[in-house]
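Quick notes on the structure that follows.
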Amino acid sequence: MRIGIDIRHLSDPQPAGVGGYTRQLLEALFRLDQVNEYVLFATGSRRTLARLPKFEAPNVRVVAVPIPNKLLNASIALTERPFLESVMASGAKTIDCWLFPNHNFITTKLPYAIMVHDLSYEIFPEFFTLKSRWRHHLARRIIKGADAVLCPSTSTKQDLMEIYKIDETKIYLTPLAVSKPPACPADSQSPNPNFPKRYILSLATLEPRKNQISIIEAYEAYRNETKDEIKLVIGGGRGWKSGHIFKAAKRSKYANDIRLIGYVDEQQKTELYRQAQVFVFPSFYEGFGLPVLEAMATGCPVITSHTSSLPELVGDAGLMIDPYNVNDLKMAIKLILTSPRLRQDIIQKGLRHAQDFSWESTAKKTLEILTHFTNK
């Protein structure tokens, strides 16, 4: 079987969760499977294509077509042409199926599986710009036309069935995972000498859905009540409507102790988790919530929301709060920071729970799905 995989989104210079998922899945898939052939498809300028990651495997090749993505996307959005397999250079006609790790601009005549990470744009359209909502609106046709729909959680599966009316028999659970964190050096003191020794951590794209303003407000309330001089570190690249987050941090009476550090790469991320006193992730909605799993895997105690997929992901390995209630978040932060026994209990539960997720398992399930619907 020859499988085409869309990797256009991997040329992003600051890959977010979907980019991380795709790269980890493909690396695990190529370790697992040396029988099938994989054709990785990308388009863009030569500078864009130069940013693609390298995948070293004898049964993998990349077809990188140097055409502007804006031109291709506009054509697909307006005319549903050209088919992606026709954009490819040599060997495109022999592909048996597609795997789309994200709902990009897609047209094809071939069977395909698509990963749907969440339907946040349908449930909370107010959190998105008009341009983003228009782009996501195109995803409905793509998702409904898939031969198999992959999703990371039961919560997202239910959304697909209720909102898009997808037949349950076409939906498959393929949870995300985390790689084993590298060993911590014995002399490691801080991920960066400019970072504080004690801090509350949040990592997520800066956008309304991630609820960073509530984090700032809860931090203020905690500081007011306890006089604890712990710092707040908020990491993540700028998303849509992120200006309000920067304004909230600047207006805070503790502005000098709040650090918005921007995009965080994988190596720095691991050390940030390790050194943090607590990780807070009060998102309004998540299809999975990968940063929560990353925090648990590195031994950082987690506070997250009791909404969408997050209870399913965390179980009893973290504290759950109402993301609409700032006092809830403040009280949870206080519990973690003032109760050493509770903090240690949550850390141990998180470490054990994170071991239930592996990229090898996700890759194996994904390959089984592709094989199943292609051979129908």
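Following the order of the structure tokens, first chain is A, next is B, and so on, with residues numbered from 1 inside each chain and ligands from 1 in the order they appear.
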Query raised in the report: Near region 16-24 of chain A, counting only C-alpha atoms, which residues have an atom at most 7 Å away, once you skip same-chain residues fewer than 2 positions from it, shown as a PyMOL selection string?
Result: chain A and resi 9-10+14+26-28+101+176+359
Run DSSP on the backbone and tell me which residues of region 47-263 of chain A come out as alpha helix (DSSP H); list them as a compact mmCIF listing (two decimals) with C-alpha atoms, in the first residue's frame.
# COMPACT_ATOMS: atom_id res chain seq x y z
CA ARG A 47 11.80 29.15 1.63
CA THR A 48 8.65 27.58 3.07
CA LEU A 49 9.59 24.10 1.86
CA ALA A 50 13.08 24.45 3.32
CA ASN A 69 0.05 28.01 -0.87
CA LYS A 70 -2.18 31.09 -1.05
CA LEU A 71 -2.80 30.46 -4.75
CA LEU A 72 -3.51 26.75 -4.23
CA ASN A 73 -5.75 27.40 -1.22
CA ALA A 74 -7.78 30.05 -3.06
CA SER A 75 -8.34 27.74 -6.01
CA ILE A 76 -9.46 24.86 -3.79
CA ALA A 77 -11.75 27.12 -1.73
CA LEU A 78 -13.44 28.64 -4.79
CA THR A 79 -13.52 25.78 -7.29
CA LEU A 84 -4.10 17.22 -4.57
CA GLU A 85 -2.91 14.05 -6.27
CA SER A 86 -2.79 15.95 -9.57
CA VAL A 87 -0.63 18.66 -7.97
CA SER A 120 -14.07 24.45 18.83
CA TYR A 121 -14.82 26.70 15.85
CA GLU A 122 -18.38 25.30 15.74
CA ILE A 123 -18.99 25.38 19.50
CA LEU A 130 -14.12 35.95 10.61
CA LYS A 131 -11.28 34.76 8.37
CA SER A 132 -10.60 31.77 10.58
CA ARG A 133 -14.30 30.90 10.85
CA TRP A 134 -14.62 30.99 7.04
CA ARG A 135 -11.64 28.69 6.68
CA HIS A 136 -12.97 26.27 9.28
CA HIS A 137 -16.41 26.33 7.61
CA ALA A 139 -13.75 21.81 6.88
CA ARG A 140 -17.33 20.55 7.21
CA ARG A 141 -17.37 19.24 3.62
CA ILE A 142 -13.93 17.71 3.99
CA ILE A 143 -14.75 15.92 7.24
CA LYS A 144 -18.11 14.62 6.01
CA THR A 154 -14.56 10.51 23.20
CA SER A 155 -15.59 14.13 23.69
CA THR A 156 -14.61 15.03 20.13
CA LYS A 157 -16.28 11.86 18.85
CA GLN A 158 -19.56 12.94 20.43
CA ASP A 159 -19.20 16.41 18.90
CA LEU A 160 -18.66 14.89 15.45
CA MET A 161 -21.76 12.75 15.80
CA GLU A 162 -23.97 15.51 17.19
CA ILE A 163 -22.83 18.51 15.14
CA GLN A 212 -5.21 33.28 29.74
CA ILE A 213 -7.02 36.36 31.09
CA SER A 214 -8.60 34.21 33.83
CA ILE A 215 -5.11 32.93 34.68
CA ILE A 216 -3.90 36.50 35.20
CA GLU A 217 -6.95 37.38 37.30
CA ALA A 218 -6.62 34.23 39.44
CA TYR A 219 -2.91 34.94 39.92
CA GLU A 220 -3.73 38.44 41.14
CA ALA A 221 -6.34 37.10 43.55
CA TYR A 222 -3.91 34.49 44.90
CA ARG A 223 -1.18 37.09 45.43
CA ASN A 224 -3.61 39.46 47.13
CA GLU A 225 -4.78 36.78 49.54
CA THR A 226 -1.51 35.03 50.39
CA GLY A 243 -4.06 41.67 22.21
CA HIS A 244 -6.41 41.59 25.22
CA ILE A 245 -4.08 39.13 26.98
CA PHE A 246 -1.10 41.46 26.73
CA LYS A 247 -3.21 44.39 27.94
CA ALA A 248 -4.45 42.38 30.95
CA ALA A 249 -0.88 41.47 31.91
CA LYS A 250 0.30 45.06 31.54
CA ARG A 251 -2.59 46.44 33.65
**Report entry** Within 12 Å of Val264 (chain A) using only C-alpha atoms, minus same-chain residues under 3 positions, as a count of residues only
**Finding:** 26
Query - Per-residue DSSP, region 8-143 of chain A, filtered to strand (DSSP E or B), as a list in words - result: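 Those residues are Glu37, Tyr38, Val39, Leu40, Phe41, Ala42, Thr43, Val60, Arg61, Val62, Val63, Ala64, Val65, Cys97, Trp98, Leu99, Phe100, Tyr112, Ala113, Ile114 and Met115 of chain A.
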Query raised in the report: Leaving out region 29-44 of chain A and any residue of its chain fewer than 4 positions from it, which residues lie within 9 Å of it when counting only C-alpha atoms, given as a PyMOL selection string?
Result: chain A and resi 1-11+24-25+48-49+52+55-70+72+84+87-88+91-92+95+359-360+362-364+366-367
Which neighbours of Gly318 (chain A) fall inside 6 Å, counting only C-alpha atoms, when residues of the same chain fewer than 3 positions from it are skipped, and could you give them as a PDB file with all heavy atoms, in the first residue's frame?
ATOM      1  N   VAL A 302      -0.980  19.461  37.804  1.00  0.00           N
ATOM      2  CA  VAL A 302      -1.850  20.093  36.810  1.00  0.00           C
ATOM      3  C   VAL A 302      -3.150  20.586  37.429  1.00  0.00           C
ATOM      4  O   VAL A 302      -3.774  19.895  38.236  1.00  0.00           O
ATOM      5  CB  VAL A 302      -2.172  19.083  35.681  1.00  0.00           C
ATOM      6  CG1 VAL A 302      -3.340  19.545  34.837  1.00  0.00           C
ATOM      7  CG2 VAL A 302      -0.944  18.852  34.812  1.00  0.00           C
ATOM      8  N   ILE A 303      -3.541  21.796  37.002  1.00  0.00           N
ATOM      9  CA  ILE A 303      -4.887  22.325  37.239  1.00  0.00           C
ATOM     10  C   ILE A 303      -5.496  22.585  35.876  1.00  0.00           C
ATOM     11  O   ILE A 303      -4.903  23.277  35.042  1.00  0.00           O
ATOM     12  CB  ILE A 303      -4.862  23.638  38.044  1.00  0.00           C
ATOM     13  CG1 ILE A 303      -4.237  23.428  39.427  1.00  0.00           C
ATOM     14  CG2 ILE A 303      -6.266  24.215  38.174  1.00  0.00           C
ATOM     15  CD1 ILE A 303      -3.966  24.731  40.179  1.00  0.00           C
ATOM     16  N   ILE A 346      -0.551  14.482  43.492  1.00  0.00           N
ATOM     17  CA  ILE A 346      -0.961  14.780  42.123  1.00  0.00           C
ATOM     18  C   ILE A 346       0.186  14.524  41.145  1.00  0.00           C
ATOM     19  O   ILE A 346      -0.022  13.993  40.041  1.00  0.00           O
ATOM     20  CB  ILE A 346      -1.470  16.235  42.024  1.00  0.00           C
ATOM     21  CG1 ILE A 346      -2.801  16.370  42.769  1.00  0.00           C
ATOM     22  CG2 ILE A 346      -1.636  16.657  40.572  1.00  0.00           C
ATOM     23  CD1 ILE A 346      -3.315  17.785  42.856  1.00  0.00           C
TER      24      ILE A 346
END
Please produce, as a Markdown table, a per-residue contact table for region 104-206 of chain A versus region 371-375 of chain A (criterion: any atom at most 12 Å away, only C-alpha atoms considered), showing the nearest atom pair and its distance in Å to one decimal, sorted by chain then residue number.
| residue | atom | partner | partner_atom | distance |
| --- | --- | --- | --- | --- |
| A:Leu110 | CA | A:Thr374 | CA | 9.7 |
| A:Pro111 | CA | A:Thr374 | CA | 7.0 |
| A:Tyr112 | CA | A:Thr374 | CA | 8.4 |
| A:Ala113 | CA | A:Phe373 | CA | 8.7 |
| A:Ala146 | CA | A:Phe373 | CA | 10.4 |
| A:Asp147 | CA | A:Phe373 | CA | 6.8 |
| A:Ala148 | CA | A:Phe373 | CA | 7.2 |
| A:Val149 | CA | A:Phe373 | CA | 10.9 |
| A:Thr169 | CA | A:Phe373 | CA | 11.3 |
| A:Lys170 | CA | A:Phe373 | CA | 9.4 |
| A:Ile171 | CA | A:Phe373 | CA | 11.7 |
| A:Tyr172 | CA | A:Phe373 | CA | 11.6 |
Once you have the residues from the selection above, write them out as a CSV table (one decimal), in the first residue's frame, restricted to C-alpha atoms.
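Writing the result to part-v1.csv gives the following:
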chain,number,residue,atom,x,y,z
A,110,LEU,CA,-9.0,9.1,-3.5
A,111,PRO,CA,-10.1,7.5,-0.3
A,112,TYR,CA,-8.9,9.4,2.8
A,113,ALA,CA,-8.7,9.5,6.5
A,146,ALA,CA,-13.9,11.2,4.7
A,147,ASP,CA,-13.8,7.4,4.6
A,148,ALA,CA,-12.5,7.5,8.2
A,149,VAL,CA,-12.5,10.2,10.8
A,169,THR,CA,-18.8,3.5,12.4
A,170,LYS,CA,-16.6,6.0,10.6
A,171,ILE,CA,-15.1,7.5,13.7
A,172,TYR,CA,-12.0,6.1,15.3
Query - Among the residues A:Phe127, A:Phe83, A:Trp98, A:Tyr164, the one that comes closest to Leu370 (chain A) [using only C-alpha atoms] - result: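 Nearest candidate to Leu370 (chain A) out of A:Phe127, A:Phe83, A:Trp98, A:Tyr164: A:Trp98.
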